[in-house]
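Note: the block below is run.tsv and it holds TSV, C-alpha atoms.
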```tsv
chain	number	residue	atom	x	y	z
A	1	MET	CA	-5.53	16.78	-38.79
A	2	PRO	CA	-2.36	18.19	-37.15
A	3	VAL	CA	-0.35	15.90	-34.89
A	4	LEU	CA	-1.46	16.33	-31.27
A	5	ARG	CA	1.17	16.71	-28.55
A	6	ILE	CA	-0.13	14.59	-25.68
A	7	LEU	CA	1.61	14.56	-22.31
A	8	HIS	CA	1.28	11.34	-20.30
A	9	LEU	CA	1.34	12.24	-16.60
A	10	VAL	CA	2.90	9.24	-14.84
A	11	GLY	CA	4.27	8.16	-11.47
A	12	SER	CA	3.42	9.10	-7.90
A	13	PRO	CA	4.70	11.49	-5.23
A	14	TYR	CA	3.13	9.19	-2.63
A	15	ASN	CA	5.03	5.89	-2.64
A	16	ASP	CA	6.89	3.37	-4.79
A	17	PHE	CA	3.87	1.06	-5.18
A	18	TYR	CA	1.70	3.71	-6.84
A	19	CYS	CA	4.68	4.96	-8.84
A	20	GLU	CA	5.33	1.52	-10.33
A	21	LEU	CA	1.60	0.84	-10.80
A	22	SER	CA	1.33	4.03	-12.82
A	23	ARG	CA	4.48	3.34	-14.86
A	24	ASN	CA	3.26	-0.10	-15.89
A	25	TYR	CA	-0.21	1.02	-16.90
A	26	ALA	CA	1.12	4.05	-18.77
A	27	GLN	CA	3.69	1.92	-20.59
A	28	SER	CA	0.88	-0.33	-21.84
A	29	CYS	CA	-1.09	2.72	-22.97
A	30	LEU	CA	1.87	4.22	-24.84
A	31	ILE	CA	2.28	0.98	-26.81
A	32	ALA	CA	-1.45	0.38	-27.41
A	33	THR	CA	-2.29	3.89	-28.63
A	34	ALA	CA	0.91	4.78	-30.49
A	35	ASN	CA	0.14	6.44	-33.83
A	36	PRO	CA	2.86	8.89	-34.90
A	37	SER	CA	0.70	10.23	-37.70
A	38	LEU	CA	-1.81	11.45	-35.10
A	39	TYR	CA	0.02	11.79	-31.77
A	40	ASP	CA	3.34	13.02	-30.47
A	41	PHE	CA	3.57	11.48	-27.00
A	42	GLN	CA	5.57	13.20	-24.27
A	43	ILE	CA	6.10	11.83	-20.75
A	44	ALA	CA	6.19	13.56	-17.37
A	45	TYR	CA	7.28	11.17	-14.61
A	46	ILE	CA	6.96	12.08	-10.91
A	47	THR	CA	8.71	10.07	-8.19
A	48	PRO	CA	8.09	9.84	-4.42
A	49	ASP	CA	10.78	12.49	-3.82
A	50	ARG	CA	8.43	14.81	-5.77
A	51	GLN	CA	10.98	15.37	-8.51
A	52	TRP	CA	9.81	15.55	-12.11
A	53	ARG	CA	11.54	13.91	-15.06
A	54	PHE	CA	10.76	13.99	-18.77
A	55	PRO	CA	12.16	10.68	-20.09
A	56	SER	CA	12.06	9.58	-23.73
A	57	SER	CA	10.32	6.34	-22.67
A	58	LEU	CA	9.15	4.63	-19.47
A	59	SER	CA	12.00	2.14	-19.41
A	60	LEU	CA	13.88	2.25	-16.12
A	61	GLU	CA	17.05	3.13	-18.05
A	62	ASP	CA	15.50	6.14	-19.77
A	63	ILE	CA	13.91	7.32	-16.51
A	64	ALA	CA	17.28	7.10	-14.74
A	65	ALA	CA	18.92	9.08	-17.55
A	66	ALA	CA	16.36	11.92	-17.41
A	67	LYS	CA	17.27	15.05	-15.48
A	68	PRO	CA	15.29	15.51	-12.23
A	69	MET	CA	13.51	18.86	-11.91
A	70	SER	CA	11.67	20.80	-9.24
A	71	LEU	CA	7.98	21.60	-9.66
A	72	LEU	CA	8.77	25.15	-10.76
A	73	ASP	CA	11.29	24.02	-13.38
A	74	ALA	CA	8.84	21.33	-14.56
A	75	ILE	CA	6.06	23.89	-15.05
A	76	GLN	CA	8.38	26.08	-17.09
A	77	PHE	CA	9.47	23.10	-19.16
A	78	ILE	CA	5.88	21.95	-19.83
A	79	THR	CA	4.77	25.47	-20.74
A	80	ALA	CA	7.47	25.61	-23.42
A	81	GLN	CA	6.40	22.29	-25.02
A	82	ASN	CA	3.12	23.48	-26.59
A	83	ILE	CA	1.20	20.55	-25.10
A	84	ASP	CA	-2.29	20.14	-26.58
A	85	LEU	CA	-3.64	17.66	-24.05
A	86	MET	CA	-2.64	15.76	-20.90
A	87	LEU	CA	-3.54	12.14	-20.14
A	88	PRO	CA	-3.47	11.41	-16.38
A	89	GLN	CA	-2.03	8.01	-15.47
A	90	MET	CA	-1.55	8.58	-11.71
A	91	PHE	CA	-3.54	6.51	-9.21
A	92	CYS	CA	-2.57	7.91	-5.80
A	93	ILE	CA	-4.79	10.57	-4.23
A	94	PRO	CA	-2.36	13.47	-4.86
A	95	GLY	CA	-2.02	12.29	-8.45
A	96	MET	CA	-5.79	12.19	-8.90
A	97	THR	CA	-6.34	15.60	-7.32
A	98	HIS	CA	-3.41	18.03	-6.87
A	99	TYR	CA	-1.68	17.16	-10.12
A	100	ARG	CA	-4.85	17.39	-12.21
A	101	ALA	CA	-5.61	20.74	-10.59
A	102	LEU	CA	-2.13	21.93	-11.56
A	103	PHE	CA	-2.99	21.38	-15.23
A	104	ASP	CA	-6.23	23.30	-14.74
A	105	LEU	CA	-4.09	26.21	-13.51
A	106	MET	CA	-1.81	25.85	-16.55
A	107	LYS	CA	-4.92	25.81	-18.76
A	108	ILE	CA	-3.88	22.53	-20.38
A	109	PRO	CA	-6.95	20.32	-21.00
A	110	TYR	CA	-6.85	16.70	-19.92
A	111	ILE	CA	-8.82	13.52	-20.47
A	112	GLY	CA	-10.85	12.26	-17.54
A	113	ASN	CA	-12.64	13.67	-14.55
A	114	THR	CA	-11.72	16.88	-12.78
A	115	ALA	CA	-9.70	17.09	-9.57
A	116	ASP	CA	-12.76	17.88	-7.45
A	117	VAL	CA	-14.73	14.91	-8.82
A	118	MET	CA	-11.74	12.63	-8.21
A	119	ALA	CA	-11.43	13.96	-4.64
A	120	ILE	CA	-15.09	13.21	-3.93
A	121	THR	CA	-15.05	9.72	-5.43
A	122	ALA	CA	-11.79	8.83	-3.69
A	123	HIS	CA	-13.85	8.93	-0.47
A	124	LYS	CA	-16.32	6.05	-0.63
A	125	ALA	CA	-18.75	7.42	1.98
A	126	ARG	CA	-19.12	10.77	0.22
A	127	THR	CA	-19.62	9.02	-3.10
A	128	LYS	CA	-22.33	6.81	-1.62
A	129	ALA	CA	-24.14	9.79	-0.12
A	130	ILE	CA	-24.22	11.62	-3.47
A	131	VAL	CA	-25.45	8.68	-5.55
A	132	ALA	CA	-27.99	7.72	-2.87
A	133	ALA	CA	-29.43	11.25	-3.09
A	134	ALA	CA	-29.86	10.64	-6.83
A	135	GLY	CA	-32.02	7.58	-6.11
A	136	VAL	CA	-29.41	4.82	-6.45
A	137	LYS	CA	-29.58	1.99	-3.92
A	138	VAL	CA	-26.57	1.83	-1.59
A	139	PRO	CA	-25.91	-0.59	1.30
A	140	PHE	CA	-26.72	0.86	4.71
A	141	GLY	CA	-23.49	1.85	6.42
A	142	GLU	CA	-21.63	4.00	8.91
A	143	LEU	CA	-18.36	5.91	8.85
A	144	LEU	CA	-16.05	5.23	11.80
A	145	ARG	CA	-12.90	6.82	13.15
A	146	GLN	CA	-10.35	5.24	15.48
A	147	GLY	CA	-11.96	4.13	18.74
A	148	GLU	CA	-15.55	4.15	17.47
A	149	VAL	CA	-17.57	0.95	17.63
A	150	PRO	CA	-19.74	-0.50	14.80
A	151	THR	CA	-23.47	-0.77	15.47
A	152	ILE	CA	-24.29	-2.88	12.39
A	153	THR	CA	-25.02	-6.52	13.11
A	154	PRO	CA	-22.84	-8.85	10.99
A	155	PRO	CA	-22.48	-9.95	8.28
A	156	ALA	CA	-20.88	-6.65	7.34
A	157	VAL	CA	-18.18	-5.43	5.00
A	158	ILE	CA	-15.35	-3.31	6.41
A	159	LYS	CA	-13.40	-1.08	4.01
A	160	PRO	CA	-11.06	1.91	4.28
A	161	ALA	CA	-12.88	5.05	3.18
A	162	ASN	CA	-10.26	6.06	0.64
A	163	ALA	CA	-8.18	3.05	-0.45
A	164	ASP	CA	-8.41	1.36	-3.85
A	165	ASN	CA	-8.04	-2.17	-5.22
A	166	SER	CA	-9.81	-3.72	-2.19
A	167	LEU	CA	-6.88	-2.95	0.10
A	168	GLY	CA	-7.91	-3.48	3.74
A	169	VAL	CA	-11.34	-4.90	2.89
A	170	SER	CA	-12.82	-7.66	5.07
A	171	LEU	CA	-16.09	-9.52	5.40
A	172	VAL	CA	-17.07	-9.81	9.07
A	173	LYS	CA	-19.39	-12.73	9.83
A	174	GLU	CA	-19.33	-12.54	13.64
A	175	ALA	CA	-19.18	-9.50	15.95
A	176	THR	CA	-16.03	-10.94	17.52
A	177	ASP	CA	-14.25	-10.46	14.17
A	178	TYR	CA	-14.79	-6.70	14.14
A	179	ASP	CA	-11.62	-5.73	16.03
A	180	ALA	CA	-9.23	-7.53	13.68
A	181	ALA	CA	-11.07	-6.27	10.58
A	182	LEU	CA	-11.10	-2.67	11.82
A	183	LYS	CA	-7.41	-2.83	12.70
A	184	LYS	CA	-6.64	-4.04	9.17
A	185	ALA	CA	-8.76	-1.32	7.53
A	186	PHE	CA	-7.30	1.48	9.67
A	187	GLU	CA	-3.84	0.58	8.34
A	188	TYR	CA	-4.93	2.14	5.05
A	189	ALA	CA	-7.08	5.11	6.10
A	190	ASP	CA	-8.10	7.33	9.01
A	191	GLU	CA	-11.77	6.61	8.35
A	192	VAL	CA	-13.41	3.24	7.81
A	193	ILE	CA	-16.78	2.28	6.36
A	194	VAL	CA	-18.84	-0.49	7.91
A	195	GLU	CA	-21.77	-1.48	5.74
A	196	GLU	CA	-24.38	-4.18	5.54
A	197	PHE	CA	-23.31	-7.14	3.42
A	198	ILE	CA	-25.44	-7.54	0.31
A	199	GLU	CA	-25.84	-11.25	-0.32
A	200	PRO	CA	-24.66	-12.42	-3.75
A	201	GLY	CA	-26.03	-12.38	-6.25
A	202	ARG	CA	-23.58	-11.19	-8.75
A	203	GLU	CA	-20.98	-8.48	-9.04
A	204	VAL	CA	-20.52	-6.30	-12.11
A	205	ARG	CA	-18.77	-3.20	-13.35
A	206	CYS	CA	-20.32	-0.86	-15.87
A	207	GLY	CA	-18.77	2.07	-17.70
A	208	ILE	CA	-20.04	5.16	-19.44
A	209	ILE	CA	-18.34	7.05	-22.23
A	210	VAL	CA	-19.37	10.46	-23.50
A	211	LYS	CA	-19.56	10.91	-27.25
A	212	ASP	CA	-20.67	14.18	-28.83
A	213	GLY	CA	-21.94	15.19	-25.41
A	214	GLU	CA	-24.20	12.12	-25.06
A	215	LEU	CA	-23.85	9.40	-22.41
A	216	VAL	CA	-23.22	5.95	-23.91
A	217	SER	CA	-23.62	2.97	-21.55
A	218	LEU	CA	-21.12	0.17	-22.16
A	219	PRO	CA	-21.72	-3.56	-21.71
A	220	LEU	CA	-21.36	-4.94	-18.18
A	221	GLU	CA	-18.33	-6.91	-17.07
A	222	GLU	CA	-19.10	-9.59	-14.46
A	223	TYR	CA	-16.76	-11.11	-11.89
A	224	LEU	CA	-16.85	-14.47	-10.20
A	225	ILE	CA	-18.63	-14.37	-6.86
A	226	ASP	CA	-19.34	-17.46	-4.79
A	227	PRO	CA	-21.37	-17.22	-1.56
A	228	ASP	CA	-18.98	-19.60	0.24
A	229	GLU	CA	-15.59	-19.41	-1.47
A	230	ARG	CA	-15.51	-15.83	-2.78
A	231	PRO	CA	-18.30	-13.69	-1.21
A	232	ILE	CA	-16.38	-10.46	-1.89
A	233	ARG	CA	-13.56	-9.49	-4.24
A	234	SER	CA	-10.24	-8.95	-2.50
A	235	TYR	CA	-6.89	-7.32	-3.28
A	236	THR	CA	-5.45	-10.71	-4.27
A	237	ASP	CA	-8.17	-11.06	-6.91
A	238	LYS	CA	-6.57	-8.12	-8.68
A	239	PHE	CA	-2.84	-7.94	-8.05
A	240	LYS	CA	0.17	-10.00	-7.23
A	241	LYS	CA	2.30	-8.37	-4.56
A	242	PRO	CA	4.99	-7.21	-4.77
A	243	ILE	CA	5.02	-5.84	-8.29
A	244	GLU	CA	7.94	-7.41	-10.10
A	245	GLY	CA	8.94	-6.22	-13.56
A	246	ASN	CA	5.75	-5.85	-15.54
A	247	LEU	CA	2.74	-5.36	-13.35
A	248	GLY	CA	1.08	-8.58	-12.24
A	249	LEU	CA	-2.50	-7.65	-12.96
A	250	THR	CA	-3.96	-10.89	-11.74
A	251	ALA	CA	-3.55	-13.20	-8.81
A	252	LYS	CA	-2.77	-16.88	-9.30
A	253	LYS	CA	-6.33	-17.98	-8.51
A	254	TYR	CA	-7.86	-15.09	-10.44
A	255	ILE	CA	-10.64	-15.87	-12.89
A	256	ALA	CA	-11.10	-13.15	-15.47
A	257	GLY	CA	-14.36	-11.28	-15.80
A	258	TRP	CA	-16.71	-11.80	-18.71
A	259	ILE	CA	-19.13	-9.67	-20.69
A	260	VAL	CA	-22.77	-9.89	-19.64
A	261	ALA	CA	-25.22	-10.54	-22.48
A	262	PRO	CA	-27.10	-7.42	-23.63
A	263	ASN	CA	-30.44	-9.18	-23.09
A	264	ASP	CA	-29.58	-10.25	-19.53
A	265	PRO	CA	-32.24	-8.83	-17.16
A	266	ILE	CA	-29.65	-6.93	-15.11
A	267	THR	CA	-27.98	-5.15	-18.05
A	268	GLN	CA	-30.52	-2.40	-18.62
A	269	LYS	CA	-31.12	-1.97	-14.86
A	270	VAL	CA	-27.44	-1.39	-14.11
A	271	GLN	CA	-26.92	0.85	-17.14
A	272	GLN	CA	-29.74	3.10	-15.94
A	273	GLU	CA	-28.23	3.33	-12.45
A	274	VAL	CA	-24.77	4.05	-13.87
A	275	LYS	CA	-26.10	7.04	-15.82
A	276	LYS	CA	-27.61	8.39	-12.57
A	277	CYS	CA	-24.23	8.00	-10.85
A	278	HIS	CA	-22.32	9.69	-13.68
A	279	LEU	CA	-24.64	12.72	-13.68
A	280	ALA	CA	-24.93	13.00	-9.88
A	281	LEU	CA	-21.16	13.01	-9.41
A	282	GLY	CA	-20.53	15.48	-12.22
A	283	CYS	CA	-18.39	13.10	-14.26
A	284	ARG	CA	-17.11	13.90	-17.74
A	285	HIS	CA	-15.57	11.98	-20.69
A	286	TYR	CA	-16.03	8.56	-19.00
A	287	SER	CA	-16.90	6.86	-15.71
A	288	LEU	CA	-16.90	3.39	-14.20
A	289	PHE	CA	-18.92	1.94	-11.31
A	290	ASP	CA	-19.12	-1.31	-9.36
A	291	PHE	CA	-22.47	-2.86	-8.42
A	292	ARG	CA	-23.52	-5.87	-6.36
A	293	ILE	CA	-26.65	-7.62	-7.66
A	294	ASP	CA	-28.69	-9.17	-4.86
A	295	PRO	CA	-30.48	-12.55	-5.23
A	296	LYS	CA	-33.64	-10.71	-6.31
A	297	GLY	CA	-31.77	-9.09	-9.22
A	298	GLU	CA	-31.63	-5.60	-7.70
A	299	PRO	CA	-28.41	-3.58	-8.23
A	300	TRP	CA	-26.67	-1.96	-5.25
A	301	PHE	CA	-23.93	0.64	-5.73
A	302	LEU	CA	-20.54	-0.31	-4.28
A	303	GLU	CA	-18.06	2.31	-5.49
A	304	ALA	CA	-16.74	4.45	-8.32
A	305	GLY	CA	-13.47	3.72	-10.09
A	306	LEU	CA	-13.00	6.67	-12.42
A	307	TYR	CA	-10.02	5.37	-14.34
A	308	CYS	CA	-9.32	4.45	-17.91
A	309	THR	CA	-5.72	3.73	-18.79
A	310	PHE	CA	-6.47	3.40	-22.52
A	311	ASP	CA	-4.80	0.07	-23.00
A	312	HIS	CA	-6.52	-3.11	-24.12
A	313	ASN	CA	-6.88	-4.47	-20.56
A	314	SER	CA	-8.58	-1.44	-19.04
A	315	VAL	CA	-12.21	-2.24	-18.12
A	316	ILE	CA	-13.62	0.65	-20.15
A	317	SER	CA	-11.48	-0.30	-23.16
A	318	TYR	CA	-12.45	-3.96	-22.84
A	319	THR	CA	-16.18	-3.34	-22.53
A	320	ALA	CA	-16.13	-0.66	-25.26
A	321	ASN	CA	-14.46	-3.17	-27.57
A	322	ALA	CA	-17.27	-5.63	-26.78
A	323	ALA	CA	-19.69	-2.92	-27.96
A	324	GLY	CA	-17.80	-2.59	-31.26
A	325	ILE	CA	-15.72	0.43	-30.24
A	326	PRO	CA	-12.02	-0.40	-30.74
A	327	LEU	CA	-9.35	1.22	-28.58
A	328	ASN	CA	-8.22	3.72	-31.24
A	329	GLU	CA	-11.80	4.99	-31.63
A	330	LEU	CA	-12.33	5.11	-27.84
A	331	PHE	CA	-9.12	7.12	-27.41
A	332	MET	CA	-10.02	9.54	-30.19
A	333	THR	CA	-13.52	10.01	-28.73
A	334	ALA	CA	-12.06	10.90	-25.32
A	335	ILE	CA	-9.58	13.30	-26.95
A	336	ASN	CA	-12.35	15.01	-28.89
A	337	GLU	CA	-14.51	15.41	-25.75
A	338	ALA	CA	-11.59	16.85	-23.77
A	339	LEU	CA	-10.60	19.30	-26.51
A	340	ALA	CA	-14.22	20.34	-27.14
A	341	MET	CA	-14.53	21.44	-23.50
A	342	SER	CA	-11.27	23.45	-23.49
```

For this file, produce the structure as structure tokens.
Amino acid sequence: MPVLRILHLVGSPYNDFYCELSRNYAQSCLIATANPSLYDFQIAYITPDRQWRFPSSLSLEDIAAAKPMSLLDAIQFITAQNIDLMLPQMFCIPGMTHYRALFDLMKIPYIGNTADVMAITAHKARTKAIVAAAGVKVPFGELLRQGEVPTITPPAVIKPANADNSLGVSLVKEATDYDAALKKAFEYADEVIVEEFIEPGREVRCGIIVKDGELVSLPLEEYLIDPDERPIRSYTDKFKKPIEGNLGLTAKKYIAGWIVAPNDPITQKVQQEVKKCHLALGCRHYSLFDFRIDPKGEPWFLEAGLYCTFDHNSVISYTANAAGIPLNELFMTAINEALAMS
């Protein structure tokens, strides 16, 4: 097999937080998947000034030493590199949409979902509407803009329509708490979702990978939920802020998730719902979805998180490994699916 030239698309034109988030994840991926006999990794790094750089590594020193380029110069440079495949490692909305679409225009295949799928799933209300139409249970909710008043009786969950990592999310227990929660959510988006709170229960994530065109459900990962102490997962369950040096992936009080047993009653239920979500949204290569399990054991869709950073800590990598699929095999499977569709 010839060595594949794979371009890692890293950084963010949006802000420093997403730029550093991307750099840290991509750096982990470069280390975890390195195999010079199979892959020749190249790096494209975009910064909030919208300049492109092509550093030899993702160290801050090598990034600083790389020549900044305009978009036009970057396209010409990439075109001359004979890139076989692109791996997107950008997590801001422009990175998930505009930059993937750019590679569609350049006719360079990439791993992961298309720009239009990423645009849909970046908006939680649109995602909910699509999966609900496919028969998946979703919490009843409403989409509000500035000045509009919720009609749902608390308890309710408030979340920005298009922010990730639980930024701006609140649980409202009394109607008098709505104003503060809405103010917080509107700091992150122009539209806010108010939805009925599904009592825990449990909270799980479940991924799908595509292999030889077939959907393969991965084991569930479960997260600690406590009706009193931790009724919903928050930003601080996931990240330390600010990011210092290597990305702080966990908060100080964070308790890591665990793999749900295959014979657990919820496993097959959630895996069936996840396949419906994947197909309804038009996903490809892989997908990942969050579900709340109510006290009766019924799964309710929360949101899509269509990322896989292909390092050992990524949820899809972690749950695939629990199913006996090591990272190198997972990565090769995704590569094969992406190249087969090009």

With 7 Å as the cut-off and all atoms listed in the file counted, what is the closest atom pair between each nearby residue of stretch 182-217 of chain A and stretch 290-298 of chain A? Distances in Å to one decimal, ordered by chain and number, as a tab-separated table.
```
residue	atom	partner	partner_atom	distance
A:Ile198	CA	A:Asp294	CA	6.3
A:Glu199	CA	A:Asp294	CA	5.7
A:Pro200	CA	A:Asp294	CA	5.3
A:Gly201	CA	A:Asp294	CA	4.4
A:Arg202	CA	A:Ile293	CA	4.8
A:Glu203	CA	A:Arg292	CA	4.5
A:Val204	CA	A:Phe291	CA	5.4
A:Arg205	CA	A:Asp290	CA	4.4
A:Cys206	CA	A:Asp290	CA	6.6
```

Using only C-alpha atoms, please write the residues we just selected to a file, as a PDB file, keeping the file's coordinate frame.
```
ATOM      1  CA  ILE A 198     -25.440  -7.540   0.310  1.00  0.00           C
ATOM      2  CA  GLU A 199     -25.840 -11.250  -0.320  1.00  0.00           C
ATOM      3  CA  PRO A 200     -24.660 -12.420  -3.750  1.00  0.00           C
ATOM      4  CA  GLY A 201     -26.030 -12.380  -6.250  1.00  0.00           C
ATOM      5  CA  ARG A 202     -23.580 -11.190  -8.750  1.00  0.00           C
ATOM      6  CA  GLU A 203     -20.980  -8.480  -9.040  1.00  0.00           C
ATOM      7  CA  VAL A 204     -20.520  -6.300 -12.110  1.00  0.00           C
ATOM      8  CA  ARG A 205     -18.770  -3.200 -13.350  1.00  0.00           C
ATOM      9  CA  CYS A 206     -20.320  -0.860 -15.870  1.00  0.00           C
TER      10      CYS A 206
END
```

query = For A:Pro109, which residue out of A:Pro48, A:Pro13, A:Pro88, A:Pro155 is the nearest one, using only C-alpha atoms?
reply =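 For A:Pro109, the nearest of the given residues is A:Pro88.
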
Under the rule of at most 9 Å, produce a per-residue listing of stretch 145-226 of chain A near stretch 309-332 of chain A: chain, number, name, the closest pair of atoms, and the distance in Å, as CSV, using only C-alpha atoms.
```
residue,atom,partner,partner_atom,distance
A:Arg205,CA,A:Val315,CA,8.2
A:Cys206,CA,A:Ile316,CA,8.1
A:Gly207,CA,A:Ile316,CA,5.9
A:Ile208,CA,A:Ile316,CA,7.9
A:Ile209,CA,A:Ile316,CA,8.2
A:Leu218,CA,A:Ala320,CA,5.9
A:Pro219,CA,A:Thr319,CA,5.6
A:Leu220,CA,A:Thr319,CA,7.0
A:Glu221,CA,A:Thr319,CA,6.9
```

message = I need every residue sitting at most 12 Å from the point (17.8, 8.1, -10.2) (coordinates as in the file, all atoms listed in the file considered), written as a list in words.
response = Tyr45, Ile46, Thr47, Pro48, Asp49, Gln51, Trp52, Arg53, Pro55, Leu60, Glu61, Asp62, Ile63, Ala64, Ala65, Ala66, Lys67, Pro68 and Met69 of chain A

inquiry  = Residues near stretch 17-28 of chain A, anyone? I mean within 6 Å using all atoms listed in the file, not counting same-chain ones fewer than 5 positions away, as JSON, numbers by chain.
reply    = {"A": [10, 11, 12, 89, 90, 247, 311]}

A:Gln272 environment, 9 Å, all atoms listed in the file, sequence neighbours closer than 5 positions dropped, as a PyMOL selection string = chain A and resi 217+267+277

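Picture a line from atom CA of A:Glu222 to atom CA of A:Val270; it runs 11.7 Å.
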